[in-house]
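J.: Mind having a look at this structure? Questions to follow.
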Amino acid sequence: MGERKNAVAASQVFSLTLKKLRKSRNLTQEELGNALKVKKSCISNYEKGVSMPDISRLIEIANFFHVQNIGQLLGYTQTNSVKEDEQDNRFVPIVGVIEYEKDPVYPGNIVDDMTLPNSNLHTGEFFGFNMHDNSMDRSGIKKGVTLVFSKTSLVSTGDIVLIAKENEPPYIRRIYVMEDGSIALQPDSSDKSYLPVILSPDRDNYNIVGRLAYIYTTKEAL
């Protein structure tokens with residue numbers, strides 16, 4: 001009887017812990033399911049306490065959320081990732097590549113993550129991407145720094161944006177919207193070899209992937 005009570009308690013703790021961990025990463029049940037290669041209904045059942053993963057799945061979940069051991073998932077020790085004093089922090093995935101017509105935040109493209117205070121970010125979904133050139137160095141954005149983008153296509157003139165163009169590397173530039181609907185992507189570099197790029201109004205060969213929200217290395221919010 002005592003073992004049964006312990007199992008029920010562990011299931012309840014796991015369901016709450018999994019839900020907190022998932023929300024701390026701003027993931028839906030479907031997105032977490034895709035990452036773990038299970039159905040959304042499976043994650044839903046875990047979080048409702050209807051079912052428990054087997055040991056191999058618990059290890060996968062612990063590794064995915066960078067939890068030290070599965071005992072933390074089951075409530076045997078405190079899970080650092082969900083301590084009360086860290087609830088105001090947000091995990092931001094860092095993506096490896098930006099591809100045309102593809103959501104940048106998919107499990108196979110997440111190469112790392114960072115933790116930022118929610119006070120530095122607004123509502124919405126965010127992702128990190130490493131600057132690959134010095135085209136914006138005069139704006140304090142040098143090659144190698146990690147930039148945090150709000151995942152949105154809604155931008156305004158003067159915003160620094162990330163744009164994916166068909167068959168080309170992505171652009172990180174300041175955007176200016178012209179009267180005819182075309183957009184100019186303006187570099188801000190000490191290297192004069194970086195030139196403005198003009199894109200047509202129809203947007204048939206490029207996507208606006210995100211708007212710059214935060215420069216990670218300087219801790220300076222925009």
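Chain lettering (A, B, ...) mirrors the order of the structure tokens, residue numbering begins at 1 for each chain separately, and ligand numbering begins at 1 in order of display.
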Considering only C-alpha atoms, return as a PyMOL selection string whatever protein or nucleic-acid residues lie within 7 Å of A:Ile70, sequence-local ones (same chain, fewer than 5 positions apart) excluded.
T.: chain A and resi 58-59+62
J.: Write out as a PyMOL selection string all residues of chain A that backbone DSSP assigns to helix (DSSP H, G or I).
T.: chain A and resi 2-24+29-36+40-48+55-64+70-73+80-82+84-86+107-109+118-120+137-139
J.: Could you produce a table of the residues of stretch 123-167 of chain A lying within 10 Å of stretch 177-184 of chain A, with the nearest pair of atoms per residue and their separation in Å rounded to one decimal, using only C-alpha atoms, ordered by chain and increasing residue number, as a tab-separated table?
T.:
```
residue	atom	partner	partner_atom	distance
A:Val155	CA	A:Val177	CA	9.4
A:Ser156	CA	A:Val177	CA	7.5
A:Thr157	CA	A:Val177	CA	5.6
A:Gly158	CA	A:Val177	CA	8.6
```
J.: Would you output that residue set with N, CA and C atoms, as an mmCIF file, in the first residue's frame?
T.:
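Writing the result to selection01.cif gives the following:
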```cif
data_model
loop_
_atom_site.group_PDB
_atom_site.id
_atom_site.type_symbol
_atom_site.label_atom_id
_atom_site.label_comp_id
_atom_site.auth_asym_id
_atom_site.auth_seq_id
_atom_site.Cartn_x
_atom_site.Cartn_y
_atom_site.Cartn_z
ATOM 1 N N VAL A 155 6.928 44.107 -38.517
ATOM 2 C CA VAL A 155 8.049 44.994 -38.203
ATOM 3 C C VAL A 155 7.730 46.409 -38.686
ATOM 4 N N SER A 156 8.514 47.361 -38.202
ATOM 5 C CA SER A 156 8.330 48.758 -38.576
ATOM 6 C C SER A 156 9.646 49.319 -39.107
ATOM 7 N N THR A 157 9.534 50.404 -39.843
ATOM 8 C CA THR A 157 10.732 51.081 -40.337
ATOM 9 C C THR A 157 11.661 51.423 -39.177
ATOM 10 N N GLY A 158 12.924 51.091 -39.352
ATOM 11 C CA GLY A 158 13.920 51.353 -38.316
ATOM 12 C C GLY A 158 14.251 50.148 -37.462
#
```
J.: Closest to A:Ile141 among A:Glu31, A:Asp188, A:Glu166, A:Asp202, using only C-alpha atoms?
T.: A:Asp188
J.: For stretch 112-129 of chain A, find every residue with an atom within 10 Å (counting only C-alpha atoms), except residues of its own chain fewer than 3 positions away, and show them as a PyMOL selection string.
T.: chain A and resi 24-27+86-98+104-105+109+132+144-152+162+210-216+219-222
J.: Keeping C-alpha atoms for every residue in the selection just given, could you write it to a file as a PDB file, in the first residue's frame?
T.:
```
ATOM      1  CA  SER A  24       9.549  27.592 -18.886  1.00  0.00           C
ATOM      2  CA  ARG A  25      10.733  26.792 -22.427  1.00  0.00           C
ATOM      3  CA  ASN A  26       7.597  28.350 -23.980  1.00  0.00           C
ATOM      4  CA  LEU A  27       6.747  25.034 -25.645  1.00  0.00           C
ATOM      5  CA  GLU A  86      13.841  31.245 -11.102  1.00  0.00           C
ATOM      6  CA  GLN A  87      10.224  31.432 -12.196  1.00  0.00           C
ATOM      7  CA  ASP A  88      10.799  34.911 -13.623  1.00  0.00           C
ATOM      8  CA  ASN A  89      13.423  33.570 -16.020  1.00  0.00           C
ATOM      9  CA  ARG A  90      12.773  32.373 -19.540  1.00  0.00           C
ATOM     10  CA  PHE A  91      14.616  29.761 -21.567  1.00  0.00           C
ATOM     11  CA  VAL A  92      15.400  30.973 -25.080  1.00  0.00           C
ATOM     12  CA  PRO A  93      16.466  28.391 -27.682  1.00  0.00           C
ATOM     13  CA  ILE A  94      19.448  29.236 -29.886  1.00  0.00           C
ATOM     14  CA  VAL A  95      18.998  28.031 -33.454  1.00  0.00           C
ATOM     15  CA  GLY A  96      21.715  26.903 -35.825  1.00  0.00           C
ATOM     16  CA  VAL A  97      20.482  27.923 -39.270  1.00  0.00           C
ATOM     17  CA  ILE A  98      17.831  30.123 -40.852  1.00  0.00           C
ATOM     18  CA  PRO A 104      13.642  28.478 -37.304  1.00  0.00           C
ATOM     19  CA  VAL A 105      12.603  26.934 -33.979  1.00  0.00           C
ATOM     20  CA  ASN A 109      17.743  23.152 -35.347  1.00  0.00           C
ATOM     21  CA  HIS A 132      27.644  35.683 -38.679  1.00  0.00           C
ATOM     22  CA  GLY A 144      29.838  36.127 -32.983  1.00  0.00           C
ATOM     23  CA  VAL A 145      27.422  37.856 -30.589  1.00  0.00           C
ATOM     24  CA  THR A 146      24.129  36.137 -29.801  1.00  0.00           C
ATOM     25  CA  LEU A 147      21.048  38.087 -30.810  1.00  0.00           C
ATOM     26  CA  VAL A 148      17.596  37.381 -29.415  1.00  0.00           C
ATOM     27  CA  PHE A 149      14.765  37.839 -31.904  1.00  0.00           C
ATOM     28  CA  SER A 150      11.038  38.050 -31.388  1.00  0.00           C
ATOM     29  CA  LYS A 151       9.552  35.508 -33.790  1.00  0.00           C
ATOM     30  CA  THR A 152       7.320  37.791 -35.848  1.00  0.00           C
ATOM     31  CA  LEU A 162      16.329  38.843 -39.520  1.00  0.00           C
ATOM     32  CA  GLY A 210      12.094  38.029 -36.562  1.00  0.00           C
ATOM     33  CA  ARG A 211      12.636  41.451 -35.018  1.00  0.00           C
ATOM     34  CA  LEU A 212      15.651  42.090 -32.780  1.00  0.00           C
ATOM     35  CA  ALA A 213      14.654  42.261 -29.123  1.00  0.00           C
ATOM     36  CA  TYR A 214      17.906  41.864 -27.195  1.00  0.00           C
ATOM     37  CA  ILE A 215      21.669  41.800 -27.695  1.00  0.00           C
ATOM     38  CA  TYR A 216      22.755  39.036 -25.365  1.00  0.00           C
ATOM     39  CA  LYS A 219      22.785  42.659 -21.825  1.00  0.00           C
ATOM     40  CA  GLU A 220      21.292  45.737 -23.417  1.00  0.00           C
ATOM     41  CA  ALA A 221      17.604  45.638 -24.281  1.00  0.00           C
ATOM     42  CA  LEU A 222      16.440  47.481 -27.372  1.00  0.00           C
TER      43      LEU A 222
END
```
J.: Determine the nearest neighbour of A:Tyr106 from the options A:Lys23, A:Gly33, A:Asp191, A:Leu199, counting only C-alpha atoms.
T.: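 Among the listed residues, the smallest separation from A:Tyr106 belongs to A:Gly33.
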J.: Atom CA of A:Gln12 and atom CA of A:Gly49 are how many Å apart?
T.: 5.8 Å
J.: Given only C-alpha atoms as the basis, pick out the residue of A:Asp159, A:Glu47, A:Asp133, A:Glu30 nearest to A:Ser11.
T.: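 Ranking A:Asp159, A:Glu47, A:Asp133, A:Glu30 by distance to A:Ser11, first place goes to A:Glu47.
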